[in-house]
file upload.csv (CSV, C-alpha atoms)
chain,number,residue,atom,x,y,z
F,1,MET,CA,10.2,-25.0,-11.1
F,2,SER,CA,6.5,-24.4,-11.0
F,3,LYS,CA,4.2,-24.2,-14.0
F,4,VAL,CA,3.6,-20.5,-13.4
F,5,GLN,CA,7.4,-19.9,-13.3
F,6,GLU,CA,7.8,-21.8,-16.6
F,7,GLU,CA,5.1,-19.7,-18.2
F,8,VAL,CA,6.5,-16.4,-16.9
F,9,LEU,CA,10.0,-17.2,-18.0
F,10,LYS,CA,8.8,-18.4,-21.4
F,11,ALA,CA,6.9,-15.1,-21.9
F,12,ASN,CA,10.0,-13.2,-20.7
F,13,ARG,CA,12.3,-14.9,-23.2
F,14,ALA,CA,9.9,-13.9,-26.0
F,15,TYR,CA,9.8,-10.3,-24.7
F,16,ALA,CA,13.6,-10.0,-24.4
F,17,ALA,CA,14.1,-11.5,-27.9
F,18,ASP,CA,12.7,-8.3,-29.4
F,19,PHE,CA,14.1,-5.7,-26.9
F,20,GLY,CA,15.6,-3.2,-29.3
F,21,ALA,CA,16.0,0.4,-28.2
F,22,LYS,CA,14.5,-0.4,-24.8
F,23,ALA,CA,18.1,-1.4,-23.9
F,24,ARG,CA,19.1,2.2,-23.8
F,25,LEU,CA,16.4,3.9,-21.8
F,26,ALA,CA,17.4,6.3,-19.1
F,27,THR,CA,16.4,6.0,-15.5
F,28,PRO,CA,14.4,9.2,-15.1
F,29,PRO,CA,10.8,8.8,-16.5
F,30,ALA,CA,10.8,10.5,-20.0
F,31,ARG,CA,7.2,11.9,-19.5
F,32,ARG,CA,7.9,13.0,-16.0
F,33,PHE,CA,4.9,11.7,-14.2
F,34,ALA,CA,3.9,8.9,-11.8
F,35,ILE,CA,0.8,6.7,-11.3
F,36,LEU,CA,-0.2,5.4,-7.9
F,37,THR,CA,-2.8,2.7,-8.4
F,38,CYS,CA,-4.2,-0.6,-7.0
F,39,MET,CA,-2.5,-4.0,-7.4
F,40,ASP,CA,-5.8,-5.4,-8.8
F,41,ALA,CA,-5.1,-7.9,-11.6
F,42,ARG,CA,-7.7,-6.3,-13.9
F,43,LEU,CA,-5.7,-3.1,-14.0
F,44,ASP,CA,-2.9,-2.6,-16.5
F,45,PRO,CA,-1.8,1.0,-16.1
F,46,ALA,CA,0.6,0.8,-19.0
F,47,ARG,CA,-2.2,-0.2,-21.3
F,48,PHE,CA,-5.1,1.9,-19.8
F,49,ALA,CA,-2.9,5.1,-19.6
F,50,GLY,CA,-0.8,4.6,-22.8
F,51,LEU,CA,2.6,4.1,-21.3
F,52,SER,CA,5.6,2.8,-23.1
F,53,GLU,CA,8.7,1.5,-21.2
F,54,GLY,CA,10.6,4.5,-19.9
F,55,ASP,CA,7.6,6.9,-19.7
F,56,ALA,CA,6.4,7.0,-16.1
F,57,HIS,CA,6.8,5.6,-12.6
F,58,VAL,CA,4.1,3.1,-11.5
F,59,ILE,CA,3.5,2.5,-7.8
F,60,ARG,CA,0.9,-0.1,-6.9
F,61,ASN,CA,-0.4,-1.5,-3.6
F,62,ALA,CA,-3.7,-3.0,-2.2
F,63,GLY,CA,-6.2,-0.2,-2.9
F,64,GLY,CA,-3.7,2.3,-4.6
F,65,ARG,CA,-3.6,4.0,-1.2
F,66,ALA,CA,-1.3,6.9,-0.2
F,67,SER,CA,0.4,4.7,2.4
F,68,ASP,CA,3.7,5.8,4.0
F,69,ASP,CA,5.4,3.5,1.5
F,70,ALA,CA,3.7,5.1,-1.4
F,71,ILE,CA,4.8,8.5,-0.1
F,72,ARG,CA,8.4,7.2,0.2
F,73,SER,CA,8.2,6.1,-3.5
F,74,LEU,CA,6.6,9.3,-4.7
F,75,VAL,CA,9.2,11.5,-2.9
F,76,ILE,CA,12.0,9.5,-4.5
F,77,SER,CA,10.2,9.8,-7.8
F,78,TYR,CA,10.2,13.7,-7.8
F,79,LYS,CA,13.3,14.5,-5.7
F,80,LEU,CA,15.8,12.2,-7.5
F,81,LEU,CA,14.1,11.3,-10.7
F,82,GLY,CA,12.2,14.5,-11.7
F,83,THR,CA,8.5,13.6,-11.9
F,84,ARG,CA,6.2,16.6,-11.7
F,85,GLU,CA,2.7,15.2,-11.9
F,86,TRP,CA,1.1,12.3,-10.1
F,87,PHE,CA,-2.1,10.4,-10.8
F,88,VAL,CA,-3.9,8.7,-7.9
F,89,ILE,CA,-6.2,6.0,-9.4
F,90,HIS,CA,-8.5,3.8,-7.4
F,91,HIS,CA,-11.2,1.7,-9.1
F,92,THR,CA,-14.7,0.4,-9.1
F,93,GLY,CA,-15.2,-3.1,-7.7
F,94,CYS,CA,-12.1,-2.9,-5.5
F,95,GLY,CA,-11.6,-5.8,-3.0
F,96,MET,CA,-10.7,-3.2,-0.4
F,97,LEU,CA,-14.4,-2.2,-0.3
F,98,LEU,CA,-15.3,-5.7,1.0
F,99,PHE,CA,-13.7,-5.9,4.4
F,100,THR,CA,-12.6,-3.9,7.5
F,101,ASN,CA,-9.6,-4.1,9.8
F,102,GLU,CA,-11.7,-6.1,12.2
F,103,VAL,CA,-12.8,-8.6,9.6
F,104,MET,CA,-9.2,-9.1,8.3
F,105,ARG,CA,-7.8,-9.4,11.8
F,106,GLY,CA,-10.4,-12.0,12.8
F,107,LEU,CA,-9.9,-14.1,9.6
F,108,LEU,CA,-6.1,-14.1,10.1
F,109,ALA,CA,-6.4,-14.9,13.8
F,110,GLY,CA,-8.6,-17.9,12.9
F,111,SER,CA,-6.4,-19.4,10.1
F,112,LEU,CA,-3.7,-18.5,7.6
F,113,ALA,CA,-5.5,-20.5,4.9
F,114,PRO,CA,-7.3,-18.5,2.2
F,115,ALA,CA,-10.8,-17.2,3.0
F,116,SER,CA,-13.8,-17.2,0.7
F,117,PHE,CA,-16.5,-14.5,0.2
F,118,THR,CA,-19.8,-16.4,0.5
F,119,GLY,CA,-23.3,-15.1,1.1
F,120,GLY,CA,-22.0,-11.5,1.5
F,121,GLN,CA,-19.4,-12.3,4.0
F,122,TRP,CA,-15.9,-13.6,4.4
F,123,GLN,CA,-15.3,-17.0,5.9
F,124,ASN,CA,-12.2,-19.0,6.6
F,125,THR,CA,-12.1,-22.1,4.4
F,126,GLY,CA,-9.2,-23.9,6.3
F,127,GLN,CA,-8.3,-24.7,9.8
F,128,GLY,CA,-5.7,-23.0,11.9
F,129,PRO,CA,-3.0,-22.1,12.8
F,130,GLY,CA,-3.8,-18.4,12.6
F,131,SER,CA,-1.8,-15.4,13.8
F,132,ARG,CA,-2.7,-12.3,15.7
F,133,GLU,CA,0.0,-10.3,13.8
F,134,GLY,CA,-2.8,-8.9,11.7
F,135,GLU,CA,-3.8,-6.7,14.7
F,136,TYR,CA,-0.6,-4.7,14.2
F,137,ILE,CA,-1.3,-3.9,10.6
F,138,GLU,CA,-3.5,-1.0,9.4
F,139,TRP,CA,-5.1,-2.6,6.3
F,140,LEU,CA,-6.2,0.7,4.7
F,141,THR,CA,-9.5,-0.6,3.6
F,142,ILE,CA,-12.0,1.6,1.6
F,143,GLN,CA,-15.5,2.5,2.5
F,144,ASP,CA,-16.2,4.7,-0.5
F,145,ALA,CA,-14.1,4.9,-3.7
F,146,ALA,CA,-14.5,8.7,-4.3
F,147,ARG,CA,-13.8,9.4,-0.7
F,148,SER,CA,-10.6,7.4,-0.6
F,149,VAL,CA,-9.3,9.2,-3.7
F,150,ILE,CA,-10.1,12.6,-2.2
F,151,ASP,CA,-8.4,11.5,1.1
F,152,ASP,CA,-5.3,10.2,-0.6
F,153,VAL,CA,-4.8,13.1,-2.9
F,154,GLU,CA,-5.2,15.4,0.1
F,155,ARG,CA,-2.7,13.4,2.2
F,156,ILE,CA,-0.2,13.5,-0.7
F,157,ALA,CA,-0.7,17.2,-1.5
F,158,ARG,CA,-0.3,18.3,2.1
F,159,HIS,CA,2.7,16.1,3.0
F,160,PRO,CA,5.6,18.1,4.2
F,161,LEU,CA,8.0,16.5,1.7
F,162,VAL,CA,5.7,17.2,-1.3
F,163,PRO,CA,6.3,20.6,-3.0
F,164,SER,CA,3.3,22.6,-4.0
F,165,THR,CA,4.6,22.7,-7.5
F,166,ILE,CA,3.6,19.0,-8.1
F,167,GLY,CA,0.2,18.4,-9.8
F,168,VAL,CA,-1.8,15.6,-8.1
F,169,TYR,CA,-4.9,14.3,-9.9
F,170,GLY,CA,-7.5,11.8,-8.6
F,171,TYR,CA,-9.3,9.4,-10.8
F,172,ILE,CA,-11.4,6.2,-10.6
F,173,TYR,CA,-10.9,3.5,-13.1
F,174,ASP,CA,-14.1,1.7,-14.1
F,175,VAL,CA,-13.4,-2.0,-14.4
F,176,ALA,CA,-16.6,-2.4,-16.5
F,177,THR,CA,-15.6,0.1,-19.1
F,178,GLY,CA,-11.9,0.7,-18.9
F,179,LEU,CA,-12.5,4.4,-18.5
F,180,LEU,CA,-10.7,6.8,-16.2
F,181,ASN,CA,-13.2,9.1,-14.5
F,182,GLU,CA,-12.0,12.3,-12.8
F,183,VAL,CA,-12.9,12.6,-9.1
F,184,PRO,CA,-14.3,16.1,-8.3
F,185,GLY,CA,-12.5,17.5,-5.2
F,186,ALA,CA,-9.4,15.4,-5.8
F,187,GLN,CA,-7.6,17.7,-8.2
F,188,ARG,CA,-4.5,19.7,-7.1
F,189,PRO,CA,-3.2,21.2,-10.4
F,190,ALA,CA,0.4,22.3,-10.7
F,191,PRO,CA,0.6,26.1,-10.4
R,1,MET,CA,-5.9,20.2,-17.6
R,2,SER,CA,-2.2,19.6,-18.2
R,3,LYS,CA,-0.7,18.2,-21.4
R,4,VAL,CA,0.2,15.0,-19.6
R,5,GLN,CA,-3.4,14.7,-18.4
R,6,GLU,CA,-4.7,15.2,-21.9
R,7,GLU,CA,-2.4,12.6,-23.3
R,8,VAL,CA,-3.3,10.0,-20.6
R,9,LEU,CA,-7.0,10.5,-21.1
R,10,LYS,CA,-6.7,10.3,-24.9
R,11,ALA,CA,-4.8,7.0,-24.6
R,12,ASN,CA,-7.4,5.8,-22.0
R,13,ARG,CA,-10.3,6.6,-24.4
R,14,ALA,CA,-8.7,4.5,-27.1
R,15,TYR,CA,-8.1,1.6,-24.7
R,16,ALA,CA,-11.7,1.7,-23.4
R,17,ALA,CA,-13.1,1.8,-26.9
R,18,ASP,CA,-12.0,-1.8,-27.5
R,19,PHE,CA,-12.6,-3.2,-24.0
R,20,GLY,CA,-14.5,-6.3,-24.9
R,21,ALA,CA,-14.5,-9.3,-22.6
R,22,LYS,CA,-12.3,-7.4,-20.1
R,23,ALA,CA,-15.5,-5.9,-18.8
R,24,ARG,CA,-16.4,-9.2,-17.2
R,25,LEU,CA,-13.2,-10.2,-15.4
R,26,ALA,CA,-13.4,-11.5,-11.9
R,27,THR,CA,-11.5,-9.9,-8.9
R,28,PRO,CA,-9.3,-12.9,-7.9
R,29,PRO,CA,-6.3,-13.2,-10.2
R,30,ALA,CA,-7.0,-16.0,-12.7
R,31,ARG,CA,-3.4,-17.3,-12.7
R,32,ARG,CA,-3.1,-17.1,-8.9
R,33,PHE,CA,0.2,-15.3,-8.5
R,34,ALA,CA,1.5,-11.9,-7.6
R,35,ILE,CA,4.6,-9.8,-8.7
R,36,LEU,CA,6.4,-7.4,-6.4
R,37,THR,CA,8.7,-5.2,-8.3
R,38,CYS,CA,10.1,-1.7,-8.7
R,39,MET,CA,8.3,1.5,-9.8
R,40,ASP,CA,11.1,2.1,-12.4
R,41,ALA,CA,9.6,3.5,-15.6
R,42,ARG,CA,11.7,1.0,-17.7
R,43,LEU,CA,9.9,-2.0,-16.2
R,44,ASP,CA,6.6,-3.1,-17.6
R,45,PRO,CA,5.7,-6.3,-15.6
R,46,ALA,CA,2.7,-7.1,-17.8
R,47,ARG,CA,4.8,-7.1,-20.9
R,48,PHE,CA,8.0,-8.7,-19.5
R,49,ALA,CA,6.2,-11.5,-17.7
R,50,GLY,CA,3.4,-12.0,-20.2
R,51,LEU,CA,0.3,-10.9,-18.2
R,52,SER,CA,-3.1,-10.2,-19.6
R,53,GLU,CA,-5.6,-8.2,-17.6
R,54,GLY,CA,-7.1,-10.4,-14.9
R,55,ASP,CA,-4.0,-12.7,-14.6
R,56,ALA,CA,-2.0,-11.5,-11.5
R,57,HIS,CA,-1.6,-8.9,-8.8
R,58,VAL,CA,1.2,-6.4,-9.4
R,59,ILE,CA,2.7,-4.5,-6.4
R,60,ARG,CA,5.3,-1.8,-7.1
R,61,ASN,CA,7.3,0.6,-5.0
R,62,ALA,CA,10.7,2.2,-5.1
R,63,GLY,CA,13.1,-0.7,-5.3
R,64,GLY,CA,10.4,-3.4,-5.3
R,65,ARG,CA,11.2,-3.8,-1.6
R,66,ALA,CA,9.4,-6.1,0.9
R,67,SER,CA,8.2,-3.0,2.9
R,68,ASP,CA,5.5,-3.3,5.5
R,69,ASP,CA,3.1,-2.0,2.9
R,70,ALA,CA,4.1,-4.7,0.4
R,71,ILE,CA,3.5,-7.3,3.1
R,72,ARG,CA,0.1,-5.8,3.7
R,73,SER,CA,-0.7,-6.1,0.0
R,74,LEU,CA,0.7,-9.6,-0.4
R,75,VAL,CA,-1.3,-10.9,2.6
R,76,ILE,CA,-4.5,-9.5,1.1
R,77,SER,CA,-3.5,-11.1,-2.2
R,78,TYR,CA,-3.4,-14.6,-0.8
R,79,LYS,CA,-5.8,-14.5,2.1
R,80,LEU,CA,-8.7,-12.8,0.4
R,81,LEU,CA,-7.9,-13.3,-3.3
R,82,GLY,CA,-6.2,-16.7,-3.5
R,83,THR,CA,-2.7,-16.1,-4.9
R,84,ARG,CA,-0.3,-19.0,-4.2
R,85,GLU,CA,3.0,-17.9,-5.7
R,86,TRP,CA,4.9,-14.6,-5.5
R,87,PHE,CA,7.7,-13.2,-7.6
R,88,VAL,CA,10.1,-10.6,-6.0
R,89,ILE,CA,11.8,-8.8,-8.9
R,90,HIS,CA,14.5,-6.1,-8.5
R,91,HIS,CA,16.5,-4.9,-11.4
R,92,THR,CA,19.9,-3.8,-12.7
R,93,GLY,CA,20.6,-0.1,-12.8
R,94,CYS,CA,18.1,0.6,-10.0
R,95,GLY,CA,18.1,4.2,-8.7
R,96,MET,CA,17.9,2.8,-5.2
R,97,LEU,CA,21.6,1.8,-5.6
R,98,LEU,CA,22.7,5.4,-5.9
R,99,PHE,CA,21.9,6.9,-2.5
R,100,THR,CA,21.6,6.2,1.2
R,101,ASN,CA,19.3,7.3,4.0
R,102,GLU,CA,21.9,10.0,4.9
R,103,VAL,CA,22.1,11.4,1.4
R,104,MET,CA,18.3,11.5,0.9
R,105,ARG,CA,17.8,13.1,4.3
R,106,GLY,CA,20.5,15.7,3.6
R,107,LEU,CA,19.1,16.6,0.2
R,108,LEU,CA,15.5,17.0,1.5
R,109,ALA,CA,16.7,19.1,4.5
R,110,GLY,CA,18.4,21.4,2.1
R,111,SER,CA,15.6,21.9,-0.4
R,112,LEU,CA,12.4,20.2,-1.7
R,113,ALA,CA,13.4,21.1,-5.3
R,114,PRO,CA,14.6,18.2,-7.5
R,115,ALA,CA,18.3,17.1,-7.1
R,116,SER,CA,20.6,16.1,-9.9
R,117,PHE,CA,23.2,13.3,-10.1
R,118,THR,CA,26.4,15.0,-11.3
R,119,GLY,CA,29.9,13.8,-11.1
R,120,GLY,CA,29.0,10.7,-9.2
R,121,GLN,CA,27.0,12.4,-6.5
R,122,TRP,CA,23.6,14.0,-5.8
R,123,GLN,CA,23.3,17.8,-5.5
R,124,ASN,CA,20.4,20.0,-4.9
R,125,THR,CA,19.6,22.1,-7.9
R,126,GLY,CA,17.2,24.5,-6.2
R,127,GLN,CA,17.1,26.7,-3.1
R,128,GLY,CA,15.1,25.9,0.0
R,129,PRO,CA,12.8,25.5,1.8
R,130,GLY,CA,13.7,22.0,2.8
R,131,SER,CA,12.2,19.7,5.4
R,132,ARG,CA,13.7,17.4,8.1
R,133,GLU,CA,10.7,15.1,7.7
R,134,GLY,CA,12.9,12.8,5.6
R,135,GLU,CA,14.7,11.8,8.8
R,136,TYR,CA,11.6,9.9,9.9
R,137,ILE,CA,11.5,7.8,6.8
R,138,GLU,CA,13.5,4.6,6.2
R,139,TRP,CA,14.2,4.9,2.4
R,140,LEU,CA,14.9,1.2,1.9
R,141,THR,CA,17.9,1.9,-0.4
R,142,ILE,CA,19.9,-1.0,-1.9
R,143,GLN,CA,23.6,-1.7,-1.7
R,144,ASP,CA,23.6,-4.9,-3.8
R,145,ALA,CA,20.8,-6.1,-6.0
R,146,ALA,CA,21.2,-9.8,-5.4
R,147,ARG,CA,21.5,-9.2,-1.6
R,148,SER,CA,18.3,-7.1,-1.5
R,149,VAL,CA,16.4,-9.8,-3.4
R,150,ILE,CA,17.6,-12.5,-0.9
R,151,ASP,CA,16.8,-10.3,2.0
R,152,ASP,CA,13.3,-9.5,0.8
R,153,VAL,CA,12.4,-13.1,-0.2
R,154,GLU,CA,13.6,-14.1,3.3
R,155,ARG,CA,11.5,-11.4,5.0
R,156,ILE,CA,8.4,-12.4,3.2
R,157,ALA,CA,8.9,-16.2,3.6
R,158,ARG,CA,9.5,-15.8,7.3
R,159,HIS,CA,6.7,-13.3,8.0
R,160,PRO,CA,4.2,-14.7,10.6
R,161,LEU,CA,1.3,-13.9,8.3
R,162,VAL,CA,2.7,-15.8,5.3
R,163,PRO,CA,1.9,-19.5,5.1
R,164,SER,CA,4.7,-21.9,4.2
R,165,THR,CA,2.6,-23.2,1.3
R,166,ILE,CA,3.3,-20.0,-0.7
R,167,GLY,CA,6.1,-20.1,-3.3
R,168,VAL,CA,8.3,-17.1,-3.2
R,169,TYR,CA,10.8,-16.6,-6.0
R,170,GLY,CA,13.5,-13.9,-6.4
R,171,TYR,CA,14.7,-12.5,-9.7
R,172,ILE,CA,16.6,-9.6,-11.1
R,173,TYR,CA,15.3,-8.0,-14.3
R,174,ASP,CA,18.2,-6.8,-16.6
R,175,VAL,CA,17.3,-3.4,-18.0
R,176,ALA,CA,19.8,-3.9,-20.8
R,177,THR,CA,18.4,-7.2,-22.1
R,178,GLY,CA,14.8,-7.5,-20.7
R,179,LEU,CA,15.7,-10.9,-19.2
R,180,LEU,CA,14.6,-12.1,-15.8
R,181,ASN,CA,17.5,-13.8,-14.1
R,182,GLU,CA,17.0,-16.1,-11.1
R,183,VAL,CA,18.7,-15.1,-7.9
R,184,PRO,CA,20.4,-18.1,-6.2
R,185,GLY,CA,19.5,-18.3,-2.5
R,186,ALA,CA,16.3,-16.4,-3.1
R,187,GLN,CA,14.0,-19.3,-4.0
R,188,ARG,CA,11.4,-20.7,-1.5
R,189,PRO,CA,9.4,-23.2,-3.6
R,190,ALA,CA,5.9,-24.1,-2.7
R,191,PRO,CA,5.9,-27.6,-1.0

call {"tool": "encode", "arguments": {"input": "upload.csv", "output": "structure tokens"}}
result
Amino acid sequence: MSKVQEEVLKANRAYAADFGAKARLATPPARRFAILTCMDARLDPARFAGLSEGDAHVIRNAGGRASDDAIRSLVISYKLLGTREWFVIHHTGCGMLLFTNEVMRGLLAGSLAPASFTGGQWQNTGQGPGSREGEYIEWLTIQDAARSVIDDVERIARHPLVPSTIGVYGYIYDVATGLLNEVPGAQRPAP
Amino acid sequence: MSKVQEEVLKANRAYAADFGAKARLATPPARRFAILTCMDARLDPARFAGLSEGDAHVIRNAGGRASDDAIRSLVISYKLLGTREWFVIHHTGCGMLLFTNEVMRGLLAGSLAPASFTGGQWQNTGQGPGSREGEYIEWLTIQDAARSVIDDVERIARHPLVPSTIGVYGYIYDVATGLLNEVPGAQRPAP
């Protein structure tokens, strides 16, 4: 077992030791909303949005993008589990701002080893083998944080499986202040 | 602004008021690992795995499945941001155990209004309109929690963009106890 596994399991044992009433939470989110946000390590949606266990669905991917898989999750969230409001939260300083499909595909084709961002650009640090499989993936990078929030709220709000009764709200989380800032043009209130 | 929005923003203001050193965290996860888990409201990966802001990537979707979008996020996580170990964590009592593609597609075709689980089966609670768009989505439901963890760890470990140097570990989180339990046959240690 790796050191990280040992640390995670030790923290988990401590968490479970004081589990209390959390053992009896229901499956549907008590506060009937969902958050779609980025996987970024600096973001803790439960802490920055005040969630207790049982409150809300949290969906996360690279960028917090309205990918097909995020749509799958959101539709399950409302249709089977009753959420009625969704927050789409991207953030300042997102890694998705620092590359393009072409860059990522080139890096992966060169080597599977990690790359480093040096002198304003990405460079492979290891030798091959690489893989051209990256050419078959749309990486959903971001050119402008406000634009990507507007685009993603629009995609979600207009999706044929999303009822017009669901509120969809776009925000940008500022990693330097911890604040959620509303994105104008990315608000689709519930009627 | 809805009541939920007001509550979230109030909690966010309180969080940001005591932001401290979190303002200076780096983008790459300090502890160099990622967690892929379910969007379920009862799960708080930061709390159950002992994460502070900045420690680890967290990817979440319905079921915690190794979807194409989860693979996209994981590849970005190691290739550009240096993670070396990944936890795949499904959980007991997952909603994904309670339906199939056919059930979901039928419900959505009947009505976009929320369904309810009554007498051991799903039923639409509202009238139409529905949409057949659900037929074009693979819902990634789960028949057996241990099996889905094994399948997902295997998919990730064998993916052409995932180097053999990355450790991939499968667990089931028990919603009645808070404990992470290792899934035999779903462990691919780093060499």

call {"tool": "interface_residues", "arguments": {"input": "upload.csv", "of": "chain R", "to": "chain F", "cutoff": "7 Å", "atoms": "all atoms listed in the file", "output": "ChimeraX atom specification"}}
result
/R:8-9,11-13,15-16,19,23-25,29,39-44,48-50,53-62,69-70,72-73,78-80,82,112-116,131,133,139,160-161,163,175-180

call {"tool": "closest_residue", "arguments": {"input": "upload.csv", "among": "F:Gly170, F:Gly119, F:Gly126, F:Gly110", "to": "His91 in chain F", "atoms": "only C-alpha atoms"}}
result
F:Gly170

call {"tool": "atom_distance", "arguments": {"input": "upload.csv", "atom1": "CA of Gly106 in chain R", "atom2": "CA of Thr141 in chain R"}}
result
14.6 Å

call {"tool": "atom_distance", "arguments": {"input": "upload.csv", "atom1": "CA of Ala66 in chain F", "atom2": "CA of Pro184 in chain F"}}
result
17.9 Å

call {"tool": "atom_distance", "arguments": {"input": "upload.csv", "atom1": "CA of Ile172 in chain R", "atom2": "CA of Val88 in chain R"}}
result
8.3 Å
